[in-house]
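Reproduced below: input-v8.cif, with mmCIF, C-alpha atoms.
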data_query
#
loop_
_atom_site.label_atom_id
_atom_site.label_comp_id
_atom_site.auth_asym_id
_atom_site.auth_seq_id
_atom_site.Cartn_x
_atom_site.Cartn_y
_atom_site.Cartn_z
CA LYS A 1089 41.22 -75.27 65.30
CA LYS A 1090 38.15 -76.89 63.71
CA ILE A 1091 35.96 -75.98 66.69
CA GLU A 1092 37.28 -72.41 66.74
CA ASP A 1093 36.60 -72.05 62.98
CA ASP A 1094 33.08 -73.39 63.42
CA LEU A 1095 32.46 -71.04 66.35
CA ALA A 1096 33.74 -68.07 64.32
CA ARG A 1097 31.36 -68.97 61.45
CA ARG A 1098 28.41 -69.30 63.83
CA ARG A 1099 29.21 -65.96 65.50
CA ALA A 1100 29.48 -64.27 62.10
CA GLY A 1101 26.11 -65.75 61.11
CA TYR A 1102 24.51 -64.63 64.36
CA ASN A 1103 25.97 -61.13 64.07
CA GLY A 1104 24.83 -60.95 60.44
CA GLU A 1105 21.27 -61.83 61.42
CA LYS A 1106 21.38 -59.21 64.20
CA ALA A 1107 22.56 -56.58 61.71
CA ASN A 1108 19.70 -57.53 59.38
CA ASP A 1109 17.24 -57.36 62.31
CA TYR A 1110 18.06 -53.67 62.67
CA PHE A 1111 16.79 -52.97 59.15
CA ALA A 1112 13.74 -55.22 59.61
CA ALA A 1113 12.82 -53.22 62.72
CA LEU A 1114 12.58 -50.11 60.51
CA LEU A 1115 9.70 -51.61 58.53
CA PRO A 1116 6.16 -50.29 59.06
CA GLU A 1117 4.50 -51.28 62.33
CA ASP A 1118 1.79 -53.31 60.60
CA TYR A 1119 4.32 -56.08 59.81
CA TYR A 1120 4.71 -59.15 61.95
CA ILE A 1121 8.41 -60.05 62.00
CA PHE A 1122 9.66 -63.46 63.11
CA HIS A 1123 13.36 -64.11 63.60
CA ASP A 1124 15.02 -67.53 63.48
CA LEU A 1125 11.68 -69.32 63.12
CA ARG A 1126 11.76 -73.13 63.17
CA LEU A 1127 8.59 -75.00 62.19
CA ALA A 1128 7.66 -78.66 61.91
CA ASN A 1129 6.28 -80.17 58.72
CA GLY A 1130 5.24 -83.64 59.77
CA LYS A 1131 8.39 -85.36 61.01
CA SER A 1132 10.79 -82.82 59.50
CA PHE A 1133 11.63 -79.25 60.42
CA PHE A 1134 12.60 -76.16 58.49
CA GLN A 1135 14.09 -72.88 59.67
CA MET A 1136 13.82 -69.33 58.33
CA ASP A 1137 16.14 -66.50 59.36
CA THR A 1138 13.38 -63.89 59.07
CA LEU A 1139 9.73 -64.13 58.10
CA LEU A 1140 7.87 -60.92 57.29
CA ILE A 1141 4.08 -61.01 57.32
CA SER A 1142 1.74 -58.26 56.20
CA ALA A 1143 -1.97 -58.33 55.41
CA ASN A 1144 -1.11 -58.68 51.70
CA TYR A 1145 1.81 -61.13 51.50
CA MET A 1146 4.60 -62.95 53.33
CA ALA A 1147 8.33 -62.81 52.58
CA VAL A 1148 10.97 -65.31 53.65
CA ASN A 1149 14.34 -63.62 54.16
CA GLU A 1150 17.55 -65.66 54.22
CA VAL A 1151 20.46 -63.72 55.74
CA LYS A 1152 24.10 -64.35 54.82
CA SER A 1153 27.05 -62.68 56.53
CA TYR A 1154 29.81 -63.44 54.03
CA SER A 1155 32.73 -61.09 53.39
CA GLY A 1156 34.75 -60.66 50.23
CA THR A 1157 33.35 -61.17 46.75
CA LEU A 1158 30.32 -63.37 46.17
CA PHE A 1159 29.60 -64.87 42.77
CA PHE A 1160 26.03 -66.13 42.36
CA ASP A 1161 26.44 -68.72 39.60
CA ARG A 1162 23.04 -69.00 37.91
CA HIS A 1163 24.21 -71.87 35.67
CA ALA A 1164 25.52 -74.23 38.36
CA TYR A 1165 23.22 -72.86 41.12
CA GLN A 1166 25.99 -72.35 43.60
CA LEU A 1167 27.63 -69.50 45.46
CA THR A 1168 31.38 -68.93 45.27
CA ARG A 1169 33.08 -66.69 47.78
CA THR A 1170 36.51 -65.20 47.22
CA TYR A 1171 38.12 -63.88 50.39
CA ASN A 1172 41.82 -63.32 51.11
CA GLU A 1173 42.69 -64.89 47.74
CA LYS A 1174 40.91 -68.12 48.73
CA GLN A 1175 37.83 -69.47 46.93
CA GLU A 1176 35.09 -71.45 48.67
CA CYS A 1177 31.89 -72.90 47.23
CA TYR A 1178 28.57 -72.82 49.13
CA GLN A 1179 25.00 -73.95 48.65
CA ASP A 1180 23.00 -71.51 46.52
CA PRO A 1181 21.11 -69.31 49.01
CA ILE A 1182 18.42 -68.55 46.41
CA THR A 1183 17.61 -72.24 46.08
CA GLN A 1184 17.76 -72.50 49.89
CA VAL A 1185 15.18 -69.73 50.41
CA GLU A 1186 12.97 -71.08 47.59
CA ASN A 1187 12.89 -74.42 49.46
CA GLN A 1188 12.01 -72.63 52.71
CA MET A 1189 9.18 -70.87 50.88
CA ARG A 1190 7.82 -74.24 49.65
CA GLN A 1191 8.01 -75.63 53.19
CA LEU A 1192 6.16 -72.59 54.54
CA LYS A 1193 3.39 -73.09 51.96
CA LYS A 1194 3.00 -76.71 53.10
CA TRP A 1195 2.94 -75.62 56.73
CA LEU A 1196 0.28 -72.98 56.06
CA PHE A 1197 -1.84 -75.49 54.14
CA ALA A 1198 -1.54 -78.04 56.98
CA HIS A 1199 -2.67 -75.37 59.47
CA ASN A 1200 -5.69 -74.29 57.40
CA SER A 1201 -4.31 -70.82 56.78
CA PRO A 1202 -5.72 -68.81 53.88
CA GLN A 1203 -3.81 -68.66 50.62
CA VAL A 1204 -1.49 -65.66 50.61
CA PRO A 1205 1.30 -64.72 48.20
CA ILE A 1206 4.72 -65.72 49.52
CA ASP A 1207 7.88 -64.15 48.18
CA TYR A 1208 11.53 -64.34 49.17
CA LEU A 1209 14.74 -62.42 49.48
CA VAL A 1210 18.39 -63.10 50.28
CA THR A 1211 20.12 -60.33 52.20
CA ILE A 1212 23.86 -59.97 52.68
CA SER A 1213 24.53 -58.32 56.03
CA ASN A 1214 28.07 -57.10 55.31
CA PRO A 1215 27.76 -53.86 53.31
CA LYS A 1216 31.34 -54.21 52.03
CA THR A 1217 30.69 -57.56 50.34
CA LEU A 1218 30.83 -57.34 46.55
CA LEU A 1219 27.92 -59.10 44.79
CA THR A 1220 28.49 -60.50 41.29
CA THR A 1221 26.79 -62.93 38.91
CA ASN A 1222 26.94 -64.35 35.39
CA PRO A 1223 26.70 -61.90 32.48
CA GLY A 1224 23.06 -61.30 31.60
CA LYS A 1225 21.77 -62.74 34.91
CA HIS A 1226 21.58 -59.48 36.85
CA SER A 1227 17.87 -59.98 37.52
CA ILE A 1228 18.90 -62.04 40.57
CA PHE A 1229 19.66 -58.76 42.30
CA GLU A 1230 15.91 -58.32 42.57
CA ARG A 1231 16.19 -61.27 45.00
CA VAL A 1232 19.66 -60.65 46.46
CA CYS A 1233 20.69 -57.39 48.12
CA HIS A 1234 22.55 -55.95 51.07
CA SER A 1235 20.59 -55.69 54.32
CA TYR A 1236 20.53 -51.91 54.14
CA ARG A 1237 18.30 -52.29 51.02
CA LEU A 1238 15.66 -54.35 52.86
CA GLN A 1239 13.19 -51.46 53.12
CA ASN A 1240 13.46 -50.81 49.38
CA ARG A 1241 12.78 -54.46 48.58
CA VAL A 1242 9.79 -54.49 50.93
CA GLU A 1243 8.42 -51.42 49.13
CA ASN A 1244 8.74 -53.39 45.87
CA PHE A 1245 6.76 -56.26 47.42
CA GLU A 1246 4.12 -53.81 48.64
CA ASN A 1247 3.75 -52.47 45.09
CA MET A 1248 3.38 -56.02 43.75
CA TYR A 1249 0.93 -57.26 46.38
CA LYS A 1250 -1.70 -54.58 46.88
CA GLU A 1251 -4.70 -56.76 47.72
CA GLU A 1252 -5.36 -57.62 51.37
CA LYS A 1253 -5.37 -61.39 51.87
CA LEU A 1254 -5.16 -61.62 55.66
CA PRO A 1255 -7.68 -59.64 57.71
CA LEU A 1256 -6.47 -58.46 61.13
CA LYS A 1257 -8.24 -61.31 62.98
CA THR A 1258 -6.53 -63.89 60.74
CA LEU A 1259 -3.17 -62.15 61.11
CA ARG A 1260 -3.44 -62.33 64.89
CA ARG A 1261 -4.42 -66.02 64.81
CA LEU A 1262 -1.47 -66.78 62.50
CA ASN A 1263 0.85 -64.78 64.77
CA ARG A 1264 -0.19 -66.94 67.74
CA GLN A 1265 0.26 -70.17 65.74
CA LEU A 1266 3.74 -69.19 64.63
#
Structure translated into structure tokens:
Amino acid sequence: KKIEDDLARRRAGYNGEKANDYFAALLPEDYYIFHDLRLANGKSFFQMDTLLISANYMAVNEVKSYSGTLFFDRHAYQLTRTYNEKQECYQDPITQVENQMRQLKKWLFAHNSPQVPIDYLVTISNPKTLLTTNPGKHSIFERVCHSYRLQNRVENFENMYKEEKLPLKTLRRLNRQL
């Protein structure tokens, strides 16, 4: 039973990332998109579900495939899922993706890459999942959205980061390194 439950969770995660990949593929062609990228920082490793790279910025995208109702608790920095009248607590995916972003900055520095703005996003692949948070903390939905809103969030990033930081030659070199 434990193995079957673990397999079901892994399949759901994989299917959620595949669903998110569909929306990432709709982004403009000048983006480099990396899926399930695992990089070494010294003796440790870190993994990102999706990394989007443009000439102006990078965005780390953590994908979650939860069903039910998700409560993003901004006081305790945890995620609570309610599904079939059962509550479960999970690691805060916003903190998780912020840590991935820090690791990516260290990796870029270690590989002599130019400084580029790095942002992040958490996408929920199941469009029927209800997203909730603490009263007055709704600004987290600038960072958390359903996968079908990925293009809209990328447009927001493009409006924030208008200055080119990575010329084409540098983008290609970085693509090869990654």
Would you give me, as a Markdown table, each residue of segment 1186-1247 of chain A having an atom within 8 Å of an atom of segment 1151-1160 of chain A, along with its shortest atom pair and that distance in Å to one decimal, using all atoms listed in the file and sorting by chain and residue number?
| residue | atom | partner | partner_atom | distance |
| --- | --- | --- | --- | --- |
| A:Val1210 | CA | A:Val1151 | CA | 5.9 |
| A:Thr1211 | CA | A:Val1151 | CA | 4.9 |
| A:Ile1212 | CA | A:Lys1152 | CA | 4.9 |
| A:Ser1213 | CA | A:Ser1153 | CA | 5.1 |
| A:Asn1214 | CA | A:Ser1153 | CA | 5.8 |
| A:Lys1216 | CA | A:Ser1155 | CA | 7.1 |
| A:Thr1217 | CA | A:Ser1155 | CA | 5.1 |
| A:Leu1218 | CA | A:Thr1157 | CA | 4.6 |
| A:Leu1219 | CA | A:Leu1158 | CA | 5.1 |
| A:Thr1220 | CA | A:Phe1159 | CA | 4.7 |
| A:Thr1221 | CA | A:Phe1160 | CA | 4.8 |
| A:Asn1222 | CA | A:Phe1160 | CA | 7.3 |
Distance in Å - atom CA of Asp1180 of chain A versus atom CA of Leu1114 of chain A |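 Atom-to-atom, atom CA of Asp1180 of chain A and atom CA of Leu1114 of chain A are spaced 27.6 Å apart.
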Between atom CA of Glu1150 of chain A and atom CA of Pro1181 of chain A, distance in Å (one decimal) =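 Atom CA of Pro1181 of chain A lies at a distance of 7.3 Å from atom CA of Glu1150 of chain A.
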Nearest to Ser1142 of chain A among A:Arg1169, A:Ile1206, A:Pro1215, A:Asn1240, with distances taken over only C-alpha atoms: which residue is it?
->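 Of the candidates, the smallest distance to Ser1142 of chain A is held by A:Ile1206.
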Which residue, A:Asn1244, A:Asp1207, A:Ser1235, A:Ala1096, has the smallest gap to Leu1139 of chain A when you use only C-alpha atoms?
->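 Ranked by minimum distance to Leu1139 of chain A, first place goes to A:Asp1207.
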Polymer residues at most 8 Å from segment 1192-1202 of chain A, only C-alpha atoms, same-chain spacing of 6 or more positions, as a list in words | Leu1127, Ala1128, Asn1129, Lys1253, Leu1254 and Leu1262 of chain A
Considering only C-alpha atoms, return as a ChimeraX atom specification whatever protein or nucleic-acid residues lie within 8 Å of Leu1209 of chain A, sequence-local ones (same chain, fewer than 3 positions apart) excluded.
-> /A:1147-1150,1182,1185,1231-1233
Shortest contact to Glu1186 of chain A, candidates A:Leu1167, A:Asn1103, A:Met1136, A:Lys1090, atoms counted only C-alpha atoms, goes to A:Met1136
How far is it from atom CA of Glu1252 of chain A to atom CA of Phe1134 of chain A, in Å with one decimal?
->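 Taking atom CA of Glu1252 of chain A as the start and atom CA of Phe1134 of chain A as the end point, the length is 26.8 Å.
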Mind checking which residues fall within 6 Å of Thr1138 of chain A, counting only C-alpha atoms, ignoring those fewer than 3 positions away in the same chain, and posting them as a list in words?
->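 Using only C-alpha atoms, the neighbours found are Phe1122, His1123, Asp1124 and Asn1149 of chain A.
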Considering only C-alpha atoms, state which residue in the set A:Thr1183, A:Asn1263, A:Asn1108, A:Thr1258 is at the smallest distance from Tyr1208 of chain A.
-> A:Thr1183
Using all atoms listed in the file, which of the listed residues (A:Glu1105, A:Ala1143, A:Gly1224, A:Glu1176) sits closest to Glu1117 of chain A?
->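 When distances to Glu1117 of chain A are compared using all atoms listed in the file, the smallest one comes from A:Ala1143.
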